[in-house]
Amino acid sequence: MNTAESLLEDKYGSTSHPEQANQGKNSVNATKLDSVIFLLSLLLSVSLLTTVFCWVDLEDMGGGGLSMDAGKQFNWHPVMMVLSFDLMTLAILSFKLPLLQSMDRRIRKSAHGLSWFAAIGCAIFGLVAVWQSHDNTGNGTFIPNLYSFHSWVGIGTFSLFLGQFVAGSLLYGFQLGEDSTRKVRKRLKRPMINSSATKEGAQLNPIQSYKRPNINPPSYFCRNRN
Amino acid sequence: MGIHKFFGSLVYFLFGATIMLGIQDKEGFIGCSYRDVTLTEKDSNPITHFFDIPRVCRVGNFVGLQAALMCCFVAFLNRPKQ
């Protein structure tokens, strides 16, 4: 590894990715309260799913239970939406999960992406279930689909969710965004650092060029005068 | 990355809010109120009527409370750190 590369790595805290360095710092700064809240939120997500299963099992919820029959099909909607919400919680906290902290950044990113993907799958299932339950009441009448405030906010949120998922997948999953820009920037930086023996290189990063062993700083001044 | 994080959190909290709105909607259809109780005086101490609320409504309320609490926890964990 040459001096320029080592300096580039030192700038990012001995890792190739600045975000990884920041996360390492965050994990060090994580308080005990953070760990407790983290554990509580995981327990709560399990409890929430259990409670919603109990809820849809009650007689007043279209007879209770989960089924694709008319009347009971609606019950899939709360269950799948809460499951989606739980998966979203996992996705959001995947970069803070103590189990994954020691793992490679790519694994954490995959866990994050897969959780969002599963969440979107559950949300689509839940939306299809509620739509079909409105169209298939079993008594020859139909329930309107998008009339309540809940449905309007829900459709808006789901659209935002889809947009966020597509943009996130393209920019960070398939490396078309910031990461690739960083790679290009790094590639562009290298020749500039290596050519720091030139006047421009010295002006941009004089300290670094002084660190290079085979460079004689006074030669720049001589060249400037000429 | 900042925009991605912002929209991710926004989607999460809106999703939580939608769950709560949905519970409210469903409880409206069910007709959540004190079951088999006609109030002849002011409801000054509502806790005494807790078990007059139908079970489906109580459980639904707890689902909503848990979703709200989860949003609070995630907001705390995602707070900006120094």
# chains A, B, ... in the order shown; residues from 1 in each chain; ligands from 1
$ select_by_dssp --residues "range 52-124 of chain A" --states "helix (DSSP H, G or I)" --output "ChimeraX atom specification"
/A:52-56,73-93,98-101,105-124
$ residues_around --residues "Asn61 in chain B" --least-positions-apart "2" --cutoff "9 Å" --atoms "only C-alpha atoms" --output "ChimeraX atom specification"
/B:20,23-24,27,56-59,63-66
$ residues_around --residues "range 161-172 of chain A" --least-positions-apart "3" --cutoff "9 Å" --atoms "only C-alpha atoms" --output "list in words"
Lys109, Gly113, Trp116, Phe117, Ile120, Gly156, Thr157, Phe158, Gln175, Leu176, Gly177, Glu178, Asp179 and Ser180 of chain A; Met1, His4, Phe7, Gly8, Val11, Tyr12 and Phe15 of chain B
$ residues_around --residues "range 72-79 of chain A" --least-positions-apart "4" --cutoff "9 Å" --atoms "only C-alpha atoms" --output "JSON, numbers by chain"
{"A": [49, 52, 53, 56, 57, 61, 62, 63, 64, 65, 66, 67, 68, 83, 84, 123, 125, 126, 127, 128, 129, 130, 131, 132, 133, 134, 136], "B": [19, 22, 23]}
$ write_last_selection --atoms "C-alpha atoms" --output "PDB file, in the first residue's frame"
ATOM      1  CA  LEU A  49     -48.333  -9.511  16.173  1.00  0.00           C
ATOM      2  CA  VAL A  52     -53.499  -8.727  16.380  1.00  0.00           C
ATOM      3  CA  PHE A  53     -53.872 -12.498  15.931  1.00  0.00           C
ATOM      4  CA  VAL A  56     -58.941 -11.109  14.487  1.00  0.00           C
ATOM      5  CA  ASP A  57     -59.844 -14.350  16.260  1.00  0.00           C
ATOM      6  CA  MET A  61     -64.304  -9.694  13.599  1.00  0.00           C
ATOM      7  CA  GLY A  62     -66.486 -11.271  10.909  1.00  0.00           C
ATOM      8  CA  GLY A  63     -66.861 -14.497  12.835  1.00  0.00           C
ATOM      9  CA  GLY A  64     -63.185 -14.690  13.790  1.00  0.00           C
ATOM     10  CA  GLY A  65     -60.171 -16.441  12.298  1.00  0.00           C
ATOM     11  CA  LEU A  66     -58.218 -16.203   9.086  1.00  0.00           C
ATOM     12  CA  SER A  67     -59.691 -17.576   5.917  1.00  0.00           C
ATOM     13  CA  MET A  68     -60.134 -16.678   2.257  1.00  0.00           C
ATOM     14  CA  LEU A  83     -46.536  -8.083  10.052  1.00  0.00           C
ATOM     15  CA  SER A  84     -45.334  -5.582   7.454  1.00  0.00           C
ATOM     16  CA  ALA A 123     -48.312  -4.999   2.559  1.00  0.00           C
ATOM     17  CA  PHE A 125     -50.954  -9.182   0.338  1.00  0.00           C
ATOM     18  CA  GLY A 126     -52.843  -7.137   2.951  1.00  0.00           C
ATOM     19  CA  LEU A 127     -54.068  -4.610   0.380  1.00  0.00           C
ATOM     20  CA  VAL A 128     -55.238  -7.319  -2.024  1.00  0.00           C
ATOM     21  CA  ALA A 129     -57.065  -9.030   0.857  1.00  0.00           C
ATOM     22  CA  VAL A 130     -58.989  -5.910   1.863  1.00  0.00           C
ATOM     23  CA  TRP A 131     -59.828  -5.015  -1.764  1.00  0.00           C
ATOM     24  CA  GLN A 132     -61.139  -8.533  -2.487  1.00  0.00           C
ATOM     25  CA  SER A 133     -63.093  -8.620   0.779  1.00  0.00           C
ATOM     26  CA  HIS A 134     -64.883  -5.418  -0.282  1.00  0.00           C
ATOM     27  CA  ASN A 136     -66.670 -10.292  -2.332  1.00  0.00           C
TER      28      ASN A 136
ATOM     29  CA  ILE B  19     -52.617   1.303  11.430  1.00  0.00           C
ATOM     30  CA  GLY B  22     -57.571   1.638  10.568  1.00  0.00           C
ATOM     31  CA  ILE B  23     -58.286   0.464  14.101  1.00  0.00           C
TER      32      ILE B  23
END
$ interface_residues --of "chain A" --to "chain B" --cutoff "8 Å" --atoms "only C-alpha atoms" --output "ChimeraX atom specification"
/A:26,34,37-38,41,44-45,48,51-52,54-55,58,60-61,78,81-82,85,88-89,92-93,149-150,153-154,157,160-161,164,168,178
$ write_last_selection --atoms "N, CA and C atoms" --output "CSV table (one decimal), in the first residue's frame"
chain,number,residue,atom,x,y,z
A,26,ASN,N,-21.1,5.1,16.4
A,26,ASN,CA,-22.5,5.0,17.1
A,26,ASN,C,-22.6,3.9,18.0
A,34,ASP,N,-30.3,2.7,25.2
A,34,ASP,CA,-30.5,2.3,23.8
A,34,ASP,C,-30.7,0.8,23.7
A,37,ILE,N,-34.1,-0.1,25.1
A,37,ILE,CA,-35.2,0.3,24.2
A,37,ILE,C,-35.2,-0.6,23.0
A,38,PHE,N,-34.1,-1.0,22.5
A,38,PHE,CA,-33.9,-1.8,21.3
A,38,PHE,C,-34.6,-3.2,21.6
A,41,SER,N,-38.4,-2.9,21.9
A,41,SER,CA,-39.0,-2.7,20.6
A,41,SER,C,-39.2,-4.1,19.9
A,44,LEU,N,-41.9,-5.9,21.7
A,44,LEU,CA,-43.1,-5.2,21.4
A,44,LEU,C,-43.6,-5.7,20.0
A,45,SER,N,-42.7,-5.9,19.1
A,45,SER,CA,-43.1,-6.3,17.7
A,45,SER,C,-43.7,-7.7,17.8
A,48,LEU,N,-47.1,-7.3,19.5
A,48,LEU,CA,-48.1,-6.6,18.6
A,48,LEU,C,-48.7,-7.6,17.7
A,51,THR,N,-51.0,-9.9,19.6
A,51,THR,CA,-52.3,-9.3,19.9
A,51,THR,C,-53.2,-9.2,18.7
A,52,VAL,N,-52.6,-8.9,17.6
A,52,VAL,CA,-53.5,-8.7,16.4
A,52,VAL,C,-54.1,-10.1,16.0
A,54,CYS,N,-54.9,-12.4,18.1
A,54,CYS,CA,-56.0,-12.6,19.1
A,54,CYS,C,-57.2,-11.7,18.7
A,55,TRP,N,-56.9,-10.5,18.2
A,55,TRP,CA,-58.0,-9.6,17.8
A,55,TRP,C,-58.8,-10.1,16.7
A,58,LEU,N,-61.5,-12.9,17.4
A,58,LEU,CA,-62.7,-12.7,18.2
A,58,LEU,C,-63.9,-12.7,17.3
A,60,ASP,N,-66.5,-10.9,16.9
A,60,ASP,CA,-67.0,-9.7,16.3
A,60,ASP,C,-66.2,-9.3,15.0
A,61,MET,N,-65.1,-10.0,14.8
A,61,MET,CA,-64.3,-9.7,13.6
A,61,MET,C,-64.8,-10.6,12.5
A,78,PRO,N,-55.5,-6.6,8.7
A,78,PRO,CA,-54.7,-6.2,9.8
A,78,PRO,C,-53.5,-7.0,10.1
A,81,MET,N,-50.7,-6.3,7.6
A,81,MET,CA,-50.2,-4.9,7.7
A,81,MET,C,-49.4,-4.8,9.0
A,82,VAL,N,-49.8,-5.5,10.1
A,82,VAL,CA,-49.0,-5.4,11.3
A,82,VAL,C,-47.7,-6.2,11.1
A,85,PHE,N,-45.5,-4.0,9.3
A,85,PHE,CA,-44.9,-2.9,10.2
A,85,PHE,C,-43.8,-3.5,11.0
A,88,MET,N,-40.8,-3.8,8.9
A,88,MET,CA,-40.2,-2.4,8.7
A,88,MET,C,-39.4,-2.0,9.9
A,89,THR,N,-39.9,-2.4,11.1
A,89,THR,CA,-39.1,-2.1,12.3
A,89,THR,C,-37.8,-2.8,12.3
A,92,ILE,N,-35.5,-1.0,9.7
A,92,ILE,CA,-35.0,0.3,10.2
A,92,ILE,C,-33.9,0.1,11.2
A,93,LEU,N,-34.1,-0.9,12.1
A,93,LEU,CA,-33.1,-1.1,13.2
A,93,LEU,C,-32.0,-2.1,12.8
A,149,PHE,N,-60.7,8.2,5.5
A,149,PHE,CA,-59.4,8.9,5.6
A,149,PHE,C,-58.3,7.9,5.8
A,150,HIS,N,-58.6,6.7,6.5
A,150,HIS,CA,-57.7,5.6,6.6
A,150,HIS,C,-57.2,5.1,5.3
A,153,VAL,N,-55.0,7.9,3.5
A,153,VAL,CA,-53.6,7.9,4.0
A,153,VAL,C,-52.9,6.6,3.7
A,154,GLY,N,-53.6,5.5,3.8
A,154,GLY,CA,-52.9,4.2,3.5
A,154,GLY,C,-52.4,4.1,2.1
A,157,THR,N,-49.4,6.4,1.8
A,157,THR,CA,-48.2,5.9,2.5
A,157,THR,C,-47.6,4.7,1.6
A,160,LEU,N,-45.7,6.0,-1.3
A,160,LEU,CA,-44.4,6.5,-0.8
A,160,LEU,C,-43.4,5.4,-0.5
A,161,PHE,N,-44.0,4.3,0.1
A,161,PHE,CA,-43.3,3.1,0.5
A,161,PHE,C,-42.6,2.5,-0.7
A,164,GLN,N,-39.9,4.7,-2.2
A,164,GLN,CA,-38.7,4.6,-1.3
A,164,GLN,C,-38.0,3.3,-1.6
A,168,GLY,N,-34.4,3.3,-3.1
A,168,GLY,CA,-33.3,2.7,-2.2
A,168,GLY,C,-32.6,1.5,-2.9
A,178,GLU,N,-24.9,7.0,-4.2
A,178,GLU,CA,-23.8,7.7,-3.5
A,178,GLU,C,-22.6,6.8,-3.4
$ atom_distance --atom1 "CA of Asp52 in chain B" --atom2 "CA of Arg35 in chain B"
5.4 Å
$ atom_distance --atom1 "CA of Asn139 in chain A" --atom2 "CA of Asp69 in chain A"
12.4 Å
$ atom_distance --atom1 "CA of Phe50 in chain B" --atom2 "CA of Ser148 in chain A"
28.3 Å
